[in-house]
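Dumped upload_4.cif below, it's mmCIF, N, CA and C atoms:
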data_run
loop_
_atom_site.label_atom_id
_atom_site.label_comp_id
_atom_site.auth_asym_id
_atom_site.auth_seq_id
_atom_site.Cartn_x
_atom_site.Cartn_y
_atom_site.Cartn_z
N ARG A 1 64.22 -16.73 27.66
CA ARG A 1 63.18 -15.86 28.14
C ARG A 1 61.81 -16.51 28.14
N GLY A 2 61.67 -17.67 27.59
CA GLY A 2 60.36 -18.31 27.45
C GLY A 2 59.65 -18.53 28.76
N LYS A 3 58.43 -18.94 28.68
CA LYS A 3 57.62 -19.20 29.85
C LYS A 3 57.81 -20.65 30.27
N PRO A 4 57.98 -20.91 31.57
CA PRO A 4 58.09 -22.30 32.03
C PRO A 4 56.85 -23.08 31.63
N GLY A 5 57.07 -24.29 31.15
CA GLY A 5 55.93 -25.10 30.74
C GLY A 5 55.49 -24.79 29.33
N GLY A 6 55.16 -23.56 29.08
CA GLY A 6 54.73 -23.17 27.74
C GLY A 6 53.53 -23.96 27.28
N LEU A 7 53.48 -24.24 26.01
CA LEU A 7 52.35 -24.97 25.44
C LEU A 7 52.31 -26.41 25.91
N ALA A 8 51.16 -26.81 26.41
CA ALA A 8 50.96 -28.21 26.76
C ALA A 8 50.43 -28.97 25.56
N LEU A 9 49.69 -28.27 24.69
CA LEU A 9 49.08 -28.91 23.53
C LEU A 9 48.79 -27.84 22.50
N LEU A 10 49.14 -28.10 21.26
CA LEU A 10 48.81 -27.20 20.17
C LEU A 10 48.75 -27.99 18.88
N ALA A 11 47.70 -27.76 18.12
CA ALA A 11 47.60 -28.36 16.79
C ALA A 11 46.92 -27.35 15.89
N VAL A 12 47.45 -27.18 14.70
CA VAL A 12 46.84 -26.33 13.70
C VAL A 12 46.62 -27.20 12.47
N THR A 13 45.36 -27.37 12.07
CA THR A 13 45.04 -28.14 10.88
C THR A 13 44.54 -27.18 9.81
N ASN A 14 44.07 -27.71 8.70
CA ASN A 14 43.54 -26.84 7.66
C ASN A 14 42.16 -26.30 8.03
N LYS A 15 41.57 -26.78 9.13
CA LYS A 15 40.24 -26.32 9.54
C LYS A 15 40.15 -25.80 10.97
N ARG A 16 41.06 -26.24 11.87
CA ARG A 16 40.90 -25.91 13.28
C ARG A 16 42.23 -25.58 13.95
N VAL A 17 42.14 -24.87 15.08
CA VAL A 17 43.26 -24.64 15.99
C VAL A 17 42.86 -25.28 17.31
N MET A 18 43.68 -26.16 17.84
CA MET A 18 43.38 -26.81 19.12
C MET A 18 44.51 -26.50 20.09
N PHE A 19 44.15 -26.13 21.31
CA PHE A 19 45.17 -25.77 22.29
C PHE A 19 44.66 -25.95 23.71
N HIS A 20 45.60 -26.05 24.62
CA HIS A 20 45.35 -26.14 26.05
C HIS A 20 45.15 -24.71 26.54
N ASP A 21 44.04 -24.44 27.18
CA ASP A 21 43.70 -23.07 27.60
C ASP A 21 43.51 -23.03 29.12
N ASP A 22 44.38 -22.29 29.80
CA ASP A 22 44.20 -22.13 31.24
C ASP A 22 43.96 -20.67 31.63
N PHE A 23 43.47 -19.87 30.67
CA PHE A 23 43.17 -18.47 30.93
C PHE A 23 41.67 -18.17 30.88
N THR A 24 40.94 -18.84 30.02
CA THR A 24 39.55 -18.49 29.74
C THR A 24 38.61 -18.75 30.91
N PHE A 25 38.77 -19.88 31.55
CA PHE A 25 37.87 -20.26 32.64
C PHE A 25 38.61 -20.15 33.96
N GLU A 26 38.05 -19.40 34.88
CA GLU A 26 38.70 -19.17 36.17
C GLU A 26 39.02 -20.48 36.87
N ASP A 27 40.26 -20.65 37.30
CA ASP A 27 40.72 -21.80 38.07
C ASP A 27 40.47 -23.14 37.39
N LYS A 28 40.27 -23.16 36.08
CA LYS A 28 40.05 -24.40 35.35
C LYS A 28 40.88 -24.39 34.08
N VAL A 29 41.13 -25.56 33.55
CA VAL A 29 41.83 -25.67 32.28
C VAL A 29 40.91 -26.35 31.27
N ALA A 30 41.15 -26.12 30.01
CA ALA A 30 40.33 -26.70 28.96
C ALA A 30 41.19 -26.98 27.74
N VAL A 31 40.74 -27.90 26.94
CA VAL A 31 41.32 -28.09 25.62
C VAL A 31 40.31 -27.48 24.66
N MET A 32 40.74 -26.43 23.97
CA MET A 32 39.86 -25.68 23.08
C MET A 32 40.11 -26.10 21.64
N SER A 33 39.05 -26.14 20.87
CA SER A 33 39.12 -26.41 19.44
C SER A 33 38.34 -25.30 18.75
N VAL A 34 39.04 -24.47 18.02
CA VAL A 34 38.47 -23.28 17.40
C VAL A 34 38.54 -23.43 15.89
N PRO A 35 37.43 -23.19 15.17
CA PRO A 35 37.50 -23.26 13.71
C PRO A 35 38.31 -22.08 13.15
N LEU A 36 39.20 -22.37 12.20
CA LEU A 36 40.01 -21.31 11.60
C LEU A 36 39.15 -20.22 10.97
N LYS A 37 38.04 -20.60 10.36
CA LYS A 37 37.19 -19.60 9.71
C LYS A 37 36.56 -18.65 10.73
N GLY A 38 36.57 -19.02 12.01
CA GLY A 38 36.02 -18.16 13.05
C GLY A 38 37.05 -17.23 13.68
N VAL A 39 38.33 -17.41 13.34
CA VAL A 39 39.38 -16.56 13.90
C VAL A 39 39.37 -15.21 13.19
N SER A 40 39.16 -14.15 13.95
CA SER A 40 39.09 -12.82 13.35
C SER A 40 40.32 -11.97 13.63
N MET A 41 41.17 -12.40 14.58
CA MET A 41 42.35 -11.63 14.93
C MET A 41 43.41 -12.56 15.50
N VAL A 42 44.65 -12.30 15.13
CA VAL A 42 45.80 -12.99 15.71
C VAL A 42 46.80 -11.91 16.06
N GLY A 43 47.35 -11.96 17.25
CA GLY A 43 48.31 -10.93 17.64
C GLY A 43 49.17 -11.37 18.80
N PHE A 44 50.09 -10.52 19.18
CA PHE A 44 50.96 -10.77 20.32
C PHE A 44 50.42 -10.01 21.52
N VAL A 45 50.61 -10.59 22.71
CA VAL A 45 50.19 -9.95 23.96
C VAL A 45 51.41 -9.84 24.85
N ALA A 46 51.65 -8.65 25.39
CA ALA A 46 52.80 -8.44 26.27
C ALA A 46 52.33 -7.82 27.58
N GLY A 47 52.93 -8.27 28.65
CA GLY A 47 52.65 -7.71 29.96
C GLY A 47 53.36 -6.38 30.14
N PRO A 48 53.14 -5.73 31.27
CA PRO A 48 53.74 -4.41 31.49
C PRO A 48 55.27 -4.43 31.52
N ASP A 49 55.86 -5.58 31.82
CA ASP A 49 57.32 -5.66 31.87
C ASP A 49 57.92 -6.36 30.66
N GLU A 50 57.13 -6.54 29.60
CA GLU A 50 57.58 -7.18 28.36
C GLU A 50 57.43 -6.22 27.19
N SER A 51 58.17 -6.49 26.14
CA SER A 51 57.93 -5.76 24.90
C SER A 51 57.23 -6.71 23.93
N LEU A 52 56.51 -6.17 22.98
CA LEU A 52 55.83 -7.01 22.00
C LEU A 52 56.83 -7.81 21.18
N ALA A 53 58.02 -7.28 21.00
CA ALA A 53 59.04 -7.97 20.21
C ALA A 53 59.59 -9.19 20.93
N SER A 54 59.44 -9.26 22.25
CA SER A 54 60.01 -10.38 22.99
C SER A 54 58.97 -11.19 23.76
N THR A 55 57.70 -11.02 23.43
CA THR A 55 56.66 -11.76 24.14
C THR A 55 56.57 -13.20 23.69
N CYS A 56 56.07 -14.06 24.56
CA CYS A 56 55.86 -15.48 24.25
C CYS A 56 54.38 -15.80 24.19
N THR A 57 53.52 -14.79 24.19
CA THR A 57 52.07 -15.01 24.23
C THR A 57 51.42 -14.54 22.93
N VAL A 58 50.61 -15.43 22.35
CA VAL A 58 49.86 -15.13 21.14
C VAL A 58 48.39 -15.10 21.50
N ALA A 59 47.66 -14.12 20.98
CA ALA A 59 46.23 -13.99 21.24
C ALA A 59 45.43 -14.32 19.99
N LEU A 60 44.26 -14.93 20.22
CA LEU A 60 43.30 -15.22 19.15
C LEU A 60 41.98 -14.59 19.53
N ALA A 61 41.31 -13.97 18.59
CA ALA A 61 39.95 -13.50 18.82
C ALA A 61 39.04 -14.31 17.91
N VAL A 62 38.01 -14.87 18.51
CA VAL A 62 37.01 -15.63 17.77
C VAL A 62 35.64 -15.15 18.23
N ALA A 63 34.60 -15.57 17.55
CA ALA A 63 33.25 -15.12 17.89
C ALA A 63 32.92 -15.38 19.36
N GLY A 64 33.46 -16.45 19.93
CA GLY A 64 33.16 -16.79 21.32
C GLY A 64 34.01 -16.08 22.34
N GLY A 65 34.97 -15.27 21.92
CA GLY A 65 35.81 -14.55 22.87
C GLY A 65 37.26 -14.51 22.44
N LYS A 66 38.11 -14.23 23.41
CA LYS A 66 39.55 -14.12 23.16
C LYS A 66 40.27 -15.22 23.91
N HIS A 67 41.37 -15.68 23.33
CA HIS A 67 42.18 -16.73 23.94
C HIS A 67 43.64 -16.33 23.88
N GLN A 68 44.40 -16.74 24.90
CA GLN A 68 45.83 -16.53 24.94
C GLN A 68 46.52 -17.88 24.88
N ILE A 69 47.56 -17.97 24.07
CA ILE A 69 48.35 -19.18 23.98
C ILE A 69 49.78 -18.80 24.38
N VAL A 70 50.26 -19.37 25.47
CA VAL A 70 51.60 -19.07 25.97
C VAL A 70 52.57 -20.09 25.38
N CYS A 71 53.56 -19.59 24.69
CA CYS A 71 54.56 -20.44 24.05
C CYS A 71 55.80 -20.54 24.92
N ARG A 72 56.66 -21.49 24.59
CA ARG A 72 57.87 -21.69 25.38
C ARG A 72 58.96 -20.65 25.07
N SER A 73 58.90 -20.09 23.88
CA SER A 73 59.94 -19.14 23.48
C SER A 73 59.37 -18.10 22.54
N GLU A 74 60.14 -17.04 22.34
CA GLU A 74 59.75 -15.99 21.38
C GLU A 74 59.64 -16.57 19.98
N GLU A 75 60.58 -17.46 19.63
CA GLU A 75 60.58 -18.07 18.30
C GLU A 75 59.33 -18.93 18.09
N GLU A 76 58.96 -19.70 19.10
CA GLU A 76 57.75 -20.53 19.00
C GLU A 76 56.51 -19.65 18.84
N ALA A 77 56.45 -18.54 19.56
CA ALA A 77 55.32 -17.61 19.46
C ALA A 77 55.27 -16.99 18.06
N ARG A 78 56.39 -16.60 17.53
CA ARG A 78 56.46 -16.02 16.18
C ARG A 78 56.00 -17.04 15.14
N GLN A 79 56.45 -18.30 15.26
CA GLN A 79 56.05 -19.34 14.31
C GLN A 79 54.54 -19.58 14.38
N LEU A 80 54.00 -19.66 15.60
CA LEU A 80 52.56 -19.86 15.75
C LEU A 80 51.79 -18.70 15.13
N HIS A 81 52.19 -17.49 15.44
CA HIS A 81 51.55 -16.29 14.89
C HIS A 81 51.56 -16.33 13.37
N ASP A 82 52.72 -16.61 12.79
CA ASP A 82 52.85 -16.61 11.33
C ASP A 82 52.02 -17.70 10.67
N VAL A 83 51.98 -18.90 11.27
CA VAL A 83 51.18 -19.99 10.71
C VAL A 83 49.70 -19.63 10.77
N LEU A 84 49.25 -19.06 11.88
CA LEU A 84 47.84 -18.70 11.99
C LEU A 84 47.47 -17.58 11.02
N ILE A 85 48.32 -16.59 10.87
CA ILE A 85 48.06 -15.52 9.89
C ILE A 85 47.97 -16.11 8.49
N TRP A 86 48.90 -17.01 8.16
CA TRP A 86 48.89 -17.64 6.85
C TRP A 86 47.58 -18.45 6.65
N ALA A 87 47.15 -19.16 7.69
CA ALA A 87 45.98 -20.03 7.58
C ALA A 87 44.67 -19.27 7.45
N ILE A 88 44.59 -18.08 8.03
CA ILE A 88 43.31 -17.35 7.98
C ILE A 88 43.21 -16.35 6.84
N THR A 89 44.32 -16.15 6.11
CA THR A 89 44.26 -15.20 5.00
C THR A 89 44.25 -15.90 3.66
#
Would you mind writing the file's structure down as structure tokens?
Amino acid sequence: RGKPGGLALLAVTNKRVMFHDDFTFEDKVAVMSVPLKGVSMVGFVAGPDESLASTCTVALAVAGGKHQIVCRSEEEARQLHDVLIWAIT
């Protein structure tokens, strides 16, 4: 059920989350580096034809806005979500 392509780049360190972002800027892609201490929310995002239990998209809210990270599979999305929750708490 995963998304074709999925994550092109993802790194989670003890201080930052870095990822390939093709949602934030219209018709452009970016490599984003977000400080973990600035992350205020981590959650799952599901479209109208998806359930939250089977989504491959993880959302981050930071002071500068919201970001979506599309994973290749539900399991990859769950692992990313859990690591980020662990890192910010």
Item to check | Within 12 Å of A:Phe23 using only C-alpha atoms, minus same-chain residues under 2 positions, as an MDAnalysis selection string | outcome: chainID A and resid 19:21 25:32 57 59 65:70
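Atom pair atom C of A:Thr89 / atom CA of A:Ser40: separated by 11.4 Å.
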Item to check | Residues of chain A in strand (DSSP E), written as an MDAnalysis selection string | outcome: chainID A and resid 10:12 16:21 30:35 39:45 57:62 65:70
Go ahead and dump the residues you just picked, N, CA and C atoms, as a tab-separated table (two decimals), in the frame of the given file.
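Saved file result-v9.tsv follows:
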chain	number	residue	atom	x	y	z
A	10	LEU	N	49.14	-28.10	21.26
A	10	LEU	CA	48.81	-27.20	20.17
A	10	LEU	C	48.75	-27.99	18.88
A	11	ALA	N	47.70	-27.76	18.12
A	11	ALA	CA	47.60	-28.36	16.79
A	11	ALA	C	46.92	-27.35	15.89
A	12	VAL	N	47.45	-27.18	14.70
A	12	VAL	CA	46.84	-26.33	13.70
A	12	VAL	C	46.62	-27.20	12.47
A	16	ARG	N	41.06	-26.24	11.87
A	16	ARG	CA	40.90	-25.91	13.28
A	16	ARG	C	42.23	-25.58	13.95
A	17	VAL	N	42.14	-24.87	15.08
A	17	VAL	CA	43.26	-24.64	15.99
A	17	VAL	C	42.86	-25.28	17.31
A	18	MET	N	43.68	-26.16	17.84
A	18	MET	CA	43.38	-26.81	19.12
A	18	MET	C	44.51	-26.50	20.09
A	19	PHE	N	44.15	-26.13	21.31
A	19	PHE	CA	45.17	-25.77	22.29
A	19	PHE	C	44.66	-25.95	23.71
A	20	HIS	N	45.60	-26.05	24.62
A	20	HIS	CA	45.35	-26.14	26.05
A	20	HIS	C	45.15	-24.71	26.54
A	21	ASP	N	44.04	-24.44	27.18
A	21	ASP	CA	43.70	-23.07	27.60
A	21	ASP	C	43.51	-23.03	29.12
A	30	ALA	N	41.15	-26.12	30.01
A	30	ALA	CA	40.33	-26.70	28.96
A	30	ALA	C	41.19	-26.98	27.74
A	31	VAL	N	40.74	-27.90	26.94
A	31	VAL	CA	41.32	-28.09	25.62
A	31	VAL	C	40.31	-27.48	24.66
A	32	MET	N	40.74	-26.43	23.97
A	32	MET	CA	39.86	-25.68	23.08
A	32	MET	C	40.11	-26.10	21.64
A	33	SER	N	39.05	-26.14	20.87
A	33	SER	CA	39.12	-26.41	19.44
A	33	SER	C	38.34	-25.30	18.75
A	34	VAL	N	39.04	-24.47	18.02
A	34	VAL	CA	38.47	-23.28	17.40
A	34	VAL	C	38.54	-23.43	15.89
A	35	PRO	N	37.43	-23.19	15.17
A	35	PRO	CA	37.50	-23.26	13.71
A	35	PRO	C	38.31	-22.08	13.15
A	39	VAL	N	38.33	-17.41	13.34
A	39	VAL	CA	39.38	-16.56	13.90
A	39	VAL	C	39.37	-15.21	13.19
A	40	SER	N	39.16	-14.15	13.95
A	40	SER	CA	39.09	-12.82	13.35
A	40	SER	C	40.32	-11.97	13.63
A	41	MET	N	41.17	-12.40	14.58
A	41	MET	CA	42.35	-11.63	14.93
A	41	MET	C	43.41	-12.56	15.50
A	42	VAL	N	44.65	-12.30	15.13
A	42	VAL	CA	45.80	-12.99	15.71
A	42	VAL	C	46.80	-11.91	16.06
A	43	GLY	N	47.35	-11.96	17.25
A	43	GLY	CA	48.31	-10.93	17.64
A	43	GLY	C	49.17	-11.37	18.80
A	44	PHE	N	50.09	-10.52	19.18
A	44	PHE	CA	50.96	-10.77	20.32
A	44	PHE	C	50.42	-10.01	21.52
A	45	VAL	N	50.61	-10.59	22.71
A	45	VAL	CA	50.19	-9.95	23.96
A	45	VAL	C	51.41	-9.84	24.85
A	57	THR	N	53.52	-14.79	24.19
A	57	THR	CA	52.07	-15.01	24.23
A	57	THR	C	51.42	-14.54	22.93
A	58	VAL	N	50.61	-15.43	22.35
A	58	VAL	CA	49.86	-15.13	21.14
A	58	VAL	C	48.39	-15.10	21.50
A	59	ALA	N	47.66	-14.12	20.98
A	59	ALA	CA	46.23	-13.99	21.24
A	59	ALA	C	45.43	-14.32	19.99
A	60	LEU	N	44.26	-14.93	20.22
A	60	LEU	CA	43.30	-15.22	19.15
A	60	LEU	C	41.98	-14.59	19.53
A	61	ALA	N	41.31	-13.97	18.59
A	61	ALA	CA	39.95	-13.50	18.82
A	61	ALA	C	39.04	-14.31	17.91
A	62	VAL	N	38.01	-14.87	18.51
A	62	VAL	CA	37.01	-15.63	17.77
A	62	VAL	C	35.64	-15.15	18.23
A	65	GLY	N	34.97	-15.27	21.92
A	65	GLY	CA	35.81	-14.55	22.87
A	65	GLY	C	37.26	-14.51	22.44
A	66	LYS	N	38.11	-14.23	23.41
A	66	LYS	CA	39.55	-14.12	23.16
A	66	LYS	C	40.27	-15.22	23.91
A	67	HIS	N	41.37	-15.68	23.33
A	67	HIS	CA	42.18	-16.73	23.94
A	67	HIS	C	43.64	-16.33	23.88
A	68	GLN	N	44.40	-16.74	24.90
A	68	GLN	CA	45.83	-16.53	24.94
A	68	GLN	C	46.52	-17.88	24.88
A	69	ILE	N	47.56	-17.97	24.07
A	69	ILE	CA	48.35	-19.18	23.98
A	69	ILE	C	49.78	-18.80	24.38
A	70	VAL	N	50.26	-19.37	25.47
A	70	VAL	CA	51.60	-19.07	25.97
A	70	VAL	C	52.57	-20.09	25.38
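For the pair atom C of A:Val42 and atom C of A:Asp82, the interatomic distance is 9.5 Å.
Of the listed residues (A:Pro48, A:Gln79, A:Leu60, A:Cys71), A:Leu60 comes nearest to A:Val17; the distances count only C-alpha atoms.
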Checklist entry - Where does DSSP see helix (DSSP H, G or I) in chain A, if you list the residues as a PyMOL selection string? => result chain A and resi 36-38+52-54+74-88
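Going from atom N of A:Ser51 to atom CA of A:Arg16 covers 29.0 Å.
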Checklist outcome for this item: Counting only C-alpha atoms, closest pick from A:Ala87, A:Asn14, A:Ala77, A:Ala63 relative to A:Val45 is A:Ala77
Checklist entry - Between A:Leu36, A:Ala61, A:Ile88, A:Cys56, which has the minimum distance to A:Glu76 (counting all atoms listed in the file)? => result A:Cys56
Checklist outcome for this item: Nearest to A:Arg78, restricted to all atoms listed in the file and choosing among A:Met18, A:Val58, A:Val34, A:Gly64, comes out as A:Val58
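Minimum atom-to-atom distance to A:Lys37, evaluated using only C-alpha atoms, belongs to A:Thr13 out of A:Thr24, A:Ser73, A:Thr55, A:Thr13.
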